[in-house]
Structures are given as C-alpha cells and as structure tokens.
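Have a look at the structure below, then the notes.
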Amino acid sequence: MKIRFIGTGTMGSISRGNQSLAIDNILFDVGSGTVKRMESQNFYTKEIDCLVISHFHADHFFDLPNYLIGRNIRNEYLNKTLPIIGGVGLKKRVKELFDLAFGDGNKEKYNNFERDFNVKLIELKDKEEYIGEDFKITAYELEHGRCKPILGFILEKDNKKIAYATDTVLCENLEKMCNLADVICIDCTNTIPTGMHIGLDEVLELKEKNKDTRFIAIHRSDYIHSHIKNIEFPEDGDCLEI
C-alpha cells in the first residue's frame, strides 16, 4: 500500500496544507483547499474510489462541494458510485454545506443528492464497519473538545492495518488504535496537549508503549521536530510505501 500525504498541516500552518491523505485509492478528509492541492501533486479525483471524513470542521470537510461538482463536470461520476463515509449526521451536514455553497436559493436543489452525484453516504458509529470490495474500515469515536462526532478509522487491506487519527486528545480509543494498527497516522498538532489535541510528548509515550507500531505525525503546526527519531514527519506531497 501507498500513503500519499496531500496536506499535513493545521489551519494555522504556514508551510503545509490542511490535513488530508490517501491510502491507495481511499481519501481521508477533504478540507478547504484539498482538491487544488491534490491537482498540484498530479493526483486527481478520478483516482479515488472511497472518501472518508473524520469530522465536520472546515479544514477536514469544506472542499467536498469542489470535489463532487468537479467530479460531475468531468463526467467521472457516470460509471462509479463513490462511497462517502462519516459520522452520524453526515447526510444532513452534506446537504447543508451544498445549500450554503451552491444552493442558489433553491431549497429543493439537493433533495436527490446521492442520485445526482452518484455517491453513497454512509454514517458510522463507534466500532461500526464498512466493508468494501478489497478493504474494511472500522470507525473509532475519538475526543476533540465539544466536536461530536469525531471519528478515527482503521483501514484493513492487504493484511495490513493502517490507522488514521486526526484531531483528538489522548483517550481510550486512541490507545486502542495504536495497539491494533501496524501503522498509525496520528495527530501531532502541538508539542504540548490542549483541550482539543494530543501533545507530541503524549504521542512519544504512546510510541514507547507500542514499539512495533509505525507512528507517522500528521495535522502539525510549525514547530521544530528534527530531534525526534522514532516518529516520522512527512511533508505535503510525500509518499510512503507500507
């Protein structure tokens, strides 16, 4: 499998785009600016077979209209239904976002959203699974201040388990994901924890407890990290073979 890091930053990062990555043909998060960043890396919406959304904050969700409308304009939607996986409320939030972005005052414009865009909106709760043709995704409820729902995911494919855990504090499910995964892409927003995000010191402690798990730092602000040797710090556009 290949992990492509489209954006590795936070909304406050100067040098990096908003957090988004693709594991083979599965895209995790599509925040503001993601689609153009994909294109600048010669990676395109037509290559994606499944889209996964961790939560409904702008830097993880707001480029969905650009993604799907561009997909329709280029006729990529005609022969391929795109599963879009997210937490409870996904269907409502998606319609609200499209009404805001391109509603034109027509309240009925997106009543047949899934048909018109050839997508399947899938809402998962904690520990629920989505089984695709050659992969399985399991959702894990995380903690991100008052944001509900916030989900992490473990992708199982080719006998590997890759976890995606952005925007979370240290919690029981995060520790479980670190233990279960072969590789975890984990929130490293700040060097110290806040009420919204885990701190880098806590990530180092998780790595010490899970020595066989490969830790990859994502959703990072602009701190210096060159002294840390047992966690990987990719930049936008990097690709890793797993």
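Lettering and numbering for the structure tokens are positional, with chains as A, B, ... in the shown order, residues counted from 1 in each chain, and ligands counted from 1 in the shown order.
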
Item to check | Nearby residues (only C-alpha atoms) at most 12 Å from Lys207 in chain A, same-chain spacing under 2 positions excluded, as a ChimeraX atom specification | outcome: /A:174-175,177-179,181-186,200-205,209-217,228-232

Item to check | For His144 in chain A: contacts at 10 Å, only C-alpha atoms, fewer than 5 positions along chain excluded, given as an MDAnalysis selection string | outcome: chainID A and resid 55 149:151 166:171 194:198

How would the residues just picked look written out with C-alpha atoms as a PDB file, in the first residue's frame?
```
ATOM      1  CA  HIS A  55     -15.482  15.289  11.304  1.00  0.00           C
ATOM      2  CA  PRO A 149     -18.914  13.160  16.235  1.00  0.00           C
ATOM      3  CA  ILE A 150     -15.174  12.884  15.703  1.00  0.00           C
ATOM      4  CA  LEU A 151     -14.013   9.570  14.286  1.00  0.00           C
ATOM      5  CA  THR A 166      -6.524  13.273  13.447  1.00  0.00           C
ATOM      6  CA  ASP A 167      -7.860  15.975  15.804  1.00  0.00           C
ATOM      7  CA  THR A 168      -8.072  14.121  19.107  1.00  0.00           C
ATOM      8  CA  VAL A 169      -6.890  14.230  22.679  1.00  0.00           C
ATOM      9  CA  LEU A 170      -5.446  11.189  24.415  1.00  0.00           C
ATOM     10  CA  CYS A 171      -8.351   8.785  25.023  1.00  0.00           C
ATOM     11  CA  THR A 194      -4.637  21.114  24.724  1.00  0.00           C
ATOM     12  CA  GLY A 195      -8.320  20.518  25.274  1.00  0.00           C
ATOM     13  CA  MET A 196      -8.638  19.771  21.559  1.00  0.00           C
ATOM     14  CA  HIS A 197      -5.436  17.976  20.569  1.00  0.00           C
ATOM     15  CA  ILE A 198      -2.954  15.457  21.879  1.00  0.00           C
TER      16      ILE A 198
END
```

Next on the checklist: Residues near Gly132 in chain A, anyone? I mean within 12 Å using only C-alpha atoms, not counting same-chain ones fewer than 3 positions away, as a PyMOL selection string.
Outcome noted: chain A and resi 25-26+49-51+82-85+122+129+135-138+155-157

Checklist entry - Can you list, as JSON, numbers by chain, every residue of range 79-232 of chain A that DSSP puts in strand (DSSP E)? => result {"A": [82, 83, 84, 85, 86, 119, 120, 121, 122, 123, 129, 130, 131, 136, 137, 138, 139, 140, 141, 151, 152, 153, 154, 155, 156, 157, 160, 161, 162, 163, 164, 165, 183, 184, 185, 186, 187, 214, 215, 216, 217, 218]}

Selection from above, N, CA and C atoms, as a CSV table (one decimal), in the first residue's frame, can you write it?
```
chain,number,residue,atom,x,y,z
A,82,LEU,N,-19.5,6.6,-5.6
A,82,LEU,CA,-18.4,6.9,-4.6
A,82,LEU,C,-19.0,6.8,-3.2
A,83,PRO,N,-18.5,5.8,-2.4
A,83,PRO,CA,-18.9,5.8,-1.0
A,83,PRO,C,-18.3,6.9,-0.3
A,84,ILE,N,-19.1,7.6,0.5
A,84,ILE,CA,-18.5,8.7,1.4
A,84,ILE,C,-18.9,8.3,2.8
A,85,ILE,N,-17.9,8.1,3.6
A,85,ILE,CA,-18.1,7.6,5.0
A,85,ILE,C,-17.8,8.7,6.0
A,86,GLY,N,-18.7,8.8,7.0
A,86,GLY,CA,-18.5,9.8,8.0
A,86,GLY,C,-19.3,9.4,9.2
A,119,VAL,N,-23.2,9.1,-5.4
A,119,VAL,CA,-22.5,8.8,-4.2
A,119,VAL,C,-23.4,8.0,-3.3
A,120,LYS,N,-22.8,7.3,-2.3
A,120,LYS,CA,-23.5,6.6,-1.2
A,120,LYS,C,-23.0,7.2,0.1
A,121,LEU,N,-23.8,7.9,0.8
A,121,LEU,CA,-23.4,8.5,2.1
A,121,LEU,C,-23.7,7.4,3.2
A,122,ILE,N,-22.6,7.1,3.9
A,122,ILE,CA,-22.6,6.1,4.9
A,122,ILE,C,-22.2,6.6,6.3
A,123,GLU,N,-23.1,6.5,7.2
A,123,GLU,CA,-22.9,7.0,8.6
A,123,GLU,C,-22.5,5.9,9.5
A,129,GLU,N,-18.5,-0.9,11.1
A,129,GLU,CA,-17.6,-1.2,9.9
A,129,GLU,C,-18.2,-0.9,8.6
A,130,TYR,N,-17.4,-0.6,7.7
A,130,TYR,CA,-17.8,-0.5,6.2
A,130,TYR,C,-16.9,-1.5,5.5
A,131,ILE,N,-17.5,-2.4,4.8
A,131,ILE,CA,-16.7,-3.4,4.0
A,131,ILE,C,-16.8,-3.1,2.5
A,136,LYS,N,-11.6,-3.2,4.5
A,136,LYS,CA,-12.5,-2.9,5.6
A,136,LYS,C,-12.1,-1.7,6.4
A,137,ILE,N,-13.1,-0.8,6.7
A,137,ILE,CA,-12.8,0.4,7.5
A,137,ILE,C,-13.7,0.3,8.8
A,138,THR,N,-13.0,0.4,9.9
A,138,THR,CA,-13.7,0.4,11.2
A,138,THR,C,-13.6,1.8,11.9
A,139,ALA,N,-14.7,2.3,12.4
A,139,ALA,CA,-14.7,3.7,13.0
A,139,ALA,C,-14.4,3.6,14.5
A,140,TYR,N,-13.7,4.5,15.0
A,140,TYR,CA,-13.5,4.6,16.4
A,140,TYR,C,-13.8,6.1,16.9
A,141,GLU,N,-14.7,6.2,17.8
A,141,GLU,CA,-15.0,7.5,18.3
A,141,GLU,C,-13.9,8.1,19.1
A,151,LEU,N,-14.3,11.0,14.5
A,151,LEU,CA,-14.0,9.6,14.3
A,151,LEU,C,-12.6,9.4,13.8
A,152,GLY,N,-11.9,8.4,14.3
A,152,GLY,CA,-10.7,7.8,13.7
A,152,GLY,C,-11.1,6.6,13.0
A,153,PHE,N,-10.2,6.1,12.2
A,153,PHE,CA,-10.5,4.9,11.4
A,153,PHE,C,-9.3,3.9,11.3
A,154,ILE,N,-9.6,2.7,11.3
A,154,ILE,CA,-8.6,1.7,10.9
A,154,ILE,C,-8.9,1.0,9.6
A,155,LEU,N,-8.1,1.2,8.6
A,155,LEU,CA,-8.2,0.6,7.3
A,155,LEU,C,-7.5,-0.8,7.3
A,156,GLU,N,-8.2,-1.8,7.0
A,156,GLU,CA,-7.6,-3.2,6.8
A,156,GLU,C,-7.6,-3.5,5.4
A,157,LYS,N,-6.4,-3.7,4.8
A,157,LYS,CA,-6.2,-4.0,3.4
A,157,LYS,C,-4.9,-4.7,3.2
A,160,LYS,N,-2.7,-5.6,6.2
A,160,LYS,CA,-2.2,-4.6,7.0
A,160,LYS,C,-3.3,-3.8,7.6
A,161,LYS,N,-3.0,-3.2,8.8
A,161,LYS,CA,-3.9,-2.3,9.4
A,161,LYS,C,-3.3,-0.9,9.6
A,162,ILE,N,-3.9,0.1,8.9
A,162,ILE,CA,-3.4,1.5,8.9
A,162,ILE,C,-4.4,2.3,9.6
A,163,ALA,N,-4.1,3.0,10.7
A,163,ALA,CA,-5.0,3.9,11.4
A,163,ALA,C,-4.8,5.3,11.0
A,164,TYR,N,-5.9,6.0,11.1
A,164,TYR,CA,-6.0,7.5,10.8
A,164,TYR,C,-6.7,8.1,12.0
A,165,ALA,N,-5.9,8.9,12.8
A,165,ALA,CA,-6.5,9.5,14.0
A,165,ALA,C,-6.0,11.0,14.1
A,183,VAL,N,0.4,0.6,11.4
A,183,VAL,CA,0.9,2.0,11.2
A,183,VAL,C,-0.2,2.9,11.7
A,184,ILE,N,0.1,4.0,12.3
A,184,ILE,CA,-0.9,5.0,12.7
A,184,ILE,C,-0.4,6.3,12.3
A,185,CYS,N,-1.3,7.0,11.6
A,185,CYS,CA,-1.1,8.4,11.2
A,185,CYS,C,-1.9,9.2,12.3
A,186,ILE,N,-1.1,9.9,13.1
A,186,ILE,CA,-1.7,10.4,14.4
A,186,ILE,C,-1.5,11.9,14.6
A,187,ASP,N,-2.5,12.5,15.1
A,187,ASP,CA,-2.5,14.0,15.4
A,187,ASP,C,-1.2,14.4,16.2
A,214,ARG,N,4.3,1.6,13.7
A,214,ARG,CA,4.9,2.7,13.0
A,214,ARG,C,4.1,4.0,13.2
A,215,PHE,N,4.7,5.0,13.8
A,215,PHE,CA,4.0,6.2,14.1
A,215,PHE,C,4.4,7.3,13.0
A,216,ILE,N,3.3,7.9,12.4
A,216,ILE,CA,3.5,9.0,11.5
A,216,ILE,C,2.8,10.2,11.9
A,217,ALA,N,3.4,11.3,12.1
A,217,ALA,CA,2.9,12.6,12.6
A,217,ALA,C,2.1,13.3,11.5
A,218,ILE,N,0.9,13.6,11.8
A,218,ILE,CA,0.0,14.4,10.8
A,218,ILE,C,-0.6,15.6,11.6
```

Checklist entry - Hey, what's within 12 Å of Lys36 in chain A if we count only C-alpha atoms and toss same-chain stuff fewer than 5 positions away? As number ranges by chain, please? => result A: 6-7, 17-18, 30-31, 41-45, 63-64, 66-67, 70

Convert the current residue selection to file output with C-alpha atoms, as a compact mmCIF listing (two decimals), in the first residue's frame.
```txt
# COMPACT_ATOMS: atom_id res chain seq x y z
CA ILE A 6 -1.75 15.65 0.40
CA GLY A 7 -1.73 18.02 3.38
CA GLY A 17 -1.97 22.37 3.54
CA ASN A 18 -4.92 21.23 5.61
CA VAL A 30 -11.22 16.82 2.13
CA GLY A 31 -10.88 20.15 3.90
CA GLN A 41 0.61 16.96 -6.85
CA ASN A 42 -0.68 15.33 -10.07
CA PHE A 43 -3.25 13.35 -8.12
CA TYR A 44 -6.87 13.60 -9.20
CA THR A 45 -10.40 12.92 -8.01
CA ASP A 63 -13.84 21.11 -0.06
CA LEU A 64 -16.45 18.41 -0.61
CA ASN A 66 -15.50 21.39 -5.10
CA TYR A 67 -14.61 17.70 -5.10
CA GLY A 70 -15.67 18.88 -10.31
```

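Compared by their closest atoms to Thr81 in chain A, and using only C-alpha atoms, the residues A:Lys148, A:His219, A:His225, A:Lys46 rank with A:Lys46 nearest.
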
Next on the checklist: So, with only C-alpha atoms as the atoms that count, which of A:Ser40, A:Ser32, A:Asn118, A:Asn173 lies closest to Met11 in chain A?
Outcome noted: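 Checking each of A:Ser40, A:Ser32, A:Asn118, A:Asn173 against Met11 in chain A, counting only C-alpha atoms, the winner is A:Ser32.
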
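Atom pair CA of Ile53 in chain A / CA of Ser20 in chain A has a distance of 9.7 Å (rounded to one decimal).
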
Checklist entry - Quick one: residues within 12 Å of Tyr223 in chain A, only C-alpha atoms counted, chain neighbours fewer than 4 positions away excluded, as a list of chain:residue names? => result A:Gly9, A:Thr10, A:Gly12, A:Ser13, A:Ile14, A:Ser15, A:Cys188, A:Thr189, A:Asn190, A:Thr191, A:Ile192, A:Gly199, A:Leu200, A:His219, A:His227, A:Ile228, A:Phe233

Checklist entry - How many Å lie between CA of Asp59 in chain A and CA of Gln19 in chain A, rounded to one decimal? => result 7.2 Å
